[in-house]
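Accompanying notes for the structure given below.
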Amino acid sequence: MLPPGDIRNCMVALSEDEHLLSRLFQYRFEQGGLEGHSFGNLFLAALNGISGDFAQAVQTSSQILATRGRIYPATTANATLTAQMDDGSVVRGETNITASKRSIVELVLDPPTVDPMPETLAAIAQADLITLGPGSLYTSLITNLLVRGVPEAIASSKAVRVYVCNLMTQANESLGLTASQHIEKILNHCGGVKGQRIFDYALINTAPIRPETQAQYERGGQEPIEADLDRVRALGVEPIAGSFVHEGEVLRHDYEAVARVLMELAMKKGSRT
């Protein structure tokens with residue numbers, strides 16, 4: 001079965017009762033034979049076993065949970081993530097890559113050529129708005145763009161294409177990277193679209209973060225992502241700076257602020273066509 005984590009999070013986000021489903025799907029059993037396993041992963045694994053098809057399992061789960069919208073994996077091919085690290089070592093498998101203490105230099109799929117889901121390419125072609133992020137730079141975002149045809153479909157799309165930049169750097173994946181360097185890393189992994197744009201805009205938080213919250217993250221080596229807006233413009237991407245942060249027990253994007261800007265961009269695009 002494909003790694004279910006990102007799909008599970010999409011299902012939670014699109015559910016009618018996001019809070020309840022989030023608690024349920026993130027629940028991990030603490031004893032017995034299921035110890036350490038999350039309910040959400042087991043739920044998808046069971047549907048995958050019944051249908052024999054991961055994409056069908058995702059669609060069935062969406063029907064059961066009455067999620068708003070449709071969820072398509074980039075591919076259902078049996079492929080393994082492989083990362084070249086900054087010390088020259090090669091690490092295979094998402095779990096091992098995430099657990100590594102080294103920084104990722106390049107990410108590839110093994111085998112390197114896998115076919116996308118036709119439904120995924122159709123959804124990209126029909127979209128009015130395409131967003132990428134927030135999420136782990138390599139293991140959540142770039143991963144999808146390694147699938148043949150996906151970056152090309154985004155590059156040729158007439159939709160408004162927006163990169164939603166993370167709030168903080170992430171150990172192993174993006175320590176020390178500025179906003180523009182995040183975009184550069186993404187573009188460098190889209191080999192088939194060199195010289196073409198896959199982003200029109202980038203949403204970048206410029207609001208300050210409380211010192212005590214920042215100190216909490218700094219203990220793990222993380223820091224706010226530098227908003228080098230001029231460098232982002234030099235990449236052909238229009239930065240949209242603003243207050244997009246919500247501070248609770250952990251930092252999260254202010255989803256209302258992000259959604260408002262995204263809808264404004266989509267509506268502005270629609271008024272011109």
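Identifiers for the structure tokens are assigned positionally: chains receive A, B, ... in sequence, residues are indexed from 1 per chain, and ligands are indexed from 1 in the order shown.
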
Would you tabulate, counting only C-alpha atoms, all residues of range 155-184 of chain A that have an atom at most 6 Å from an atom of range 217-240 of chain A, showing the closest pair of atoms and their distance in Å to one decimal, sorted by chain then ascending number, as a Markdown table?
```
| residue | atom | partner | partner_atom | distance |
| --- | --- | --- | --- | --- |
| A:Leu167 | CA | A:Pro224 | CA | 5.9 |
| A:Met168 | CA | A:Pro224 | CA | 4.4 |
| A:Thr169 | CA | A:Gln222 | CA | 5.3 |
| A:Gln170 | CA | A:Gln222 | CA | 6.0 |
| A:Thr178 | CA | A:Glu226 | CA | 4.8 |
| A:Ala179 | CA | A:Ala227 | CA | 5.5 |
| A:Ser180 | CA | A:Val232 | CA | 4.8 |
```

Polymer residues at most 10 Å from range 23-31 of chain A, only C-alpha atoms, same-chain spacing of 6 or more positions, as a short mmCIF file (atom, residue, chain, number, x, y, z; two decimals) with N, CA and C atoms, in the first residue's frame:
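So result_7.cif came out as:
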```
data_model
loop_
_atom_site.label_atom_id
_atom_site.label_comp_id
_atom_site.auth_asym_id
_atom_site.auth_seq_id
_atom_site.Cartn_x
_atom_site.Cartn_y
_atom_site.Cartn_z
N GLY A 5 -0.16 8.58 4.93
CA GLY A 5 -0.21 9.74 5.82
C GLY A 5 -0.81 10.99 5.20
N ARG A 8 -4.46 10.52 4.33
CA ARG A 8 -5.26 10.56 5.57
C ARG A 8 -5.51 12.01 5.99
N ASN A 9 -4.48 12.84 5.92
CA ASN A 9 -4.63 14.24 6.31
C ASN A 9 -5.59 14.98 5.39
N MET A 11 -8.13 13.60 3.84
CA MET A 11 -9.47 13.14 4.20
C MET A 11 -9.98 13.88 5.42
N VAL A 12 -9.11 14.08 6.41
CA VAL A 12 -9.49 14.80 7.61
C VAL A 12 -9.88 16.23 7.27
N HIS A 37 -0.02 1.67 15.99
CA HIS A 37 -0.69 1.91 14.70
C HIS A 37 -1.79 2.96 14.86
N SER A 38 -1.94 3.81 13.86
CA SER A 38 -3.01 4.81 13.90
C SER A 38 -4.28 4.23 13.28
N PHE A 39 -5.41 4.67 13.79
CA PHE A 39 -6.69 4.19 13.27
C PHE A 39 -6.85 4.57 11.80
N GLY A 40 -6.43 5.77 11.44
CA GLY A 40 -6.59 6.22 10.06
C GLY A 40 -5.85 5.34 9.08
N ASN A 41 -4.62 4.96 9.41
CA ASN A 41 -3.85 4.08 8.53
C ASN A 41 -4.49 2.70 8.42
N LEU A 42 -4.98 2.19 9.54
CA LEU A 42 -5.63 0.88 9.52
C LEU A 42 -6.92 0.92 8.71
N PHE A 43 -7.64 2.02 8.80
CA PHE A 43 -8.88 2.20 8.05
C PHE A 43 -8.60 2.13 6.55
#
```

Point-to-point distance in Å for CA of Val58 in chain A and CA of Ala127 in chain A: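 Spanning CA of Ala127 in chain A to CA of Val58 in chain A is a straight-line distance of 20.1 Å.
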
Which residue, A:Lys185, A:Lys269, A:Lys158, A:Arg252, has the smallest gap to Ile104 in chain A when you use only C-alpha atoms? A:Lys185

Two-atom distance - CA of Asp53 in chain A, CA of Cys190 in chain A (Å):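 Atom-to-atom, CA of Asp53 in chain A and CA of Cys190 in chain A are spaced 27.6 Å apart.
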
Rounded to one decimal place, report the CA of Ser136 in chain A-CA of Ile154 in chain A distance in Å. 19.4 Å

Mind the document's chain letters and residue numbers, and return as a count of residues only the residues of range 10-235 of chain A that DSSP labels helix (DSSP H, G or I). 99

Identify, on the basis of only C-alpha atoms, every residue whose closest approach to range 259-266 of chain A does not exceed 10 Å; exclude the query and any residue fewer than 6 positions from it along the same chain; express the result as a PyMOL selection string. chain A and resi 128-131+159-162+164+201+203+240+242+244

With C-alpha atoms retained, export the selected residues as a PDB file, in the first residue's frame.
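To be explicit, this is the file written out as out_37.pdb:
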```pdb
ATOM      1  CA  ASP A 128      -9.412  26.958 -11.540  1.00  0.00           C
ATOM      2  CA  LEU A 129      -6.976  27.070  -8.629  1.00  0.00           C
ATOM      3  CA  ILE A 130      -3.977  24.844  -7.865  1.00  0.00           C
ATOM      4  CA  THR A 131      -2.118  25.076  -4.563  1.00  0.00           C
ATOM      5  CA  ALA A 159      -5.467  27.783 -13.354  1.00  0.00           C
ATOM      6  CA  VAL A 160      -4.113  30.198 -10.753  1.00  0.00           C
ATOM      7  CA  ARG A 161      -1.118  28.336  -9.310  1.00  0.00           C
ATOM      8  CA  VAL A 162      -0.053  29.176  -5.769  1.00  0.00           C
ATOM      9  CA  VAL A 164       1.842  28.193   0.145  1.00  0.00           C
ATOM     10  CA  TYR A 201       2.072  33.375  -6.676  1.00  0.00           C
ATOM     11  CA  LEU A 203       1.908  33.054  -0.024  1.00  0.00           C
ATOM     12  CA  ILE A 240       1.978  37.709  -1.427  1.00  0.00           C
ATOM     13  CA  GLY A 242       0.975  38.893   5.027  1.00  0.00           C
ATOM     14  CA  PHE A 244      -0.798  33.843   7.734  1.00  0.00           C
TER      15      PHE A 244
END
```

Proximity to Ser157 in chain A - best of A:Tyr138, A:Phe54, A:Tyr72, A:Phe199, only C-alpha atoms: A:Phe199
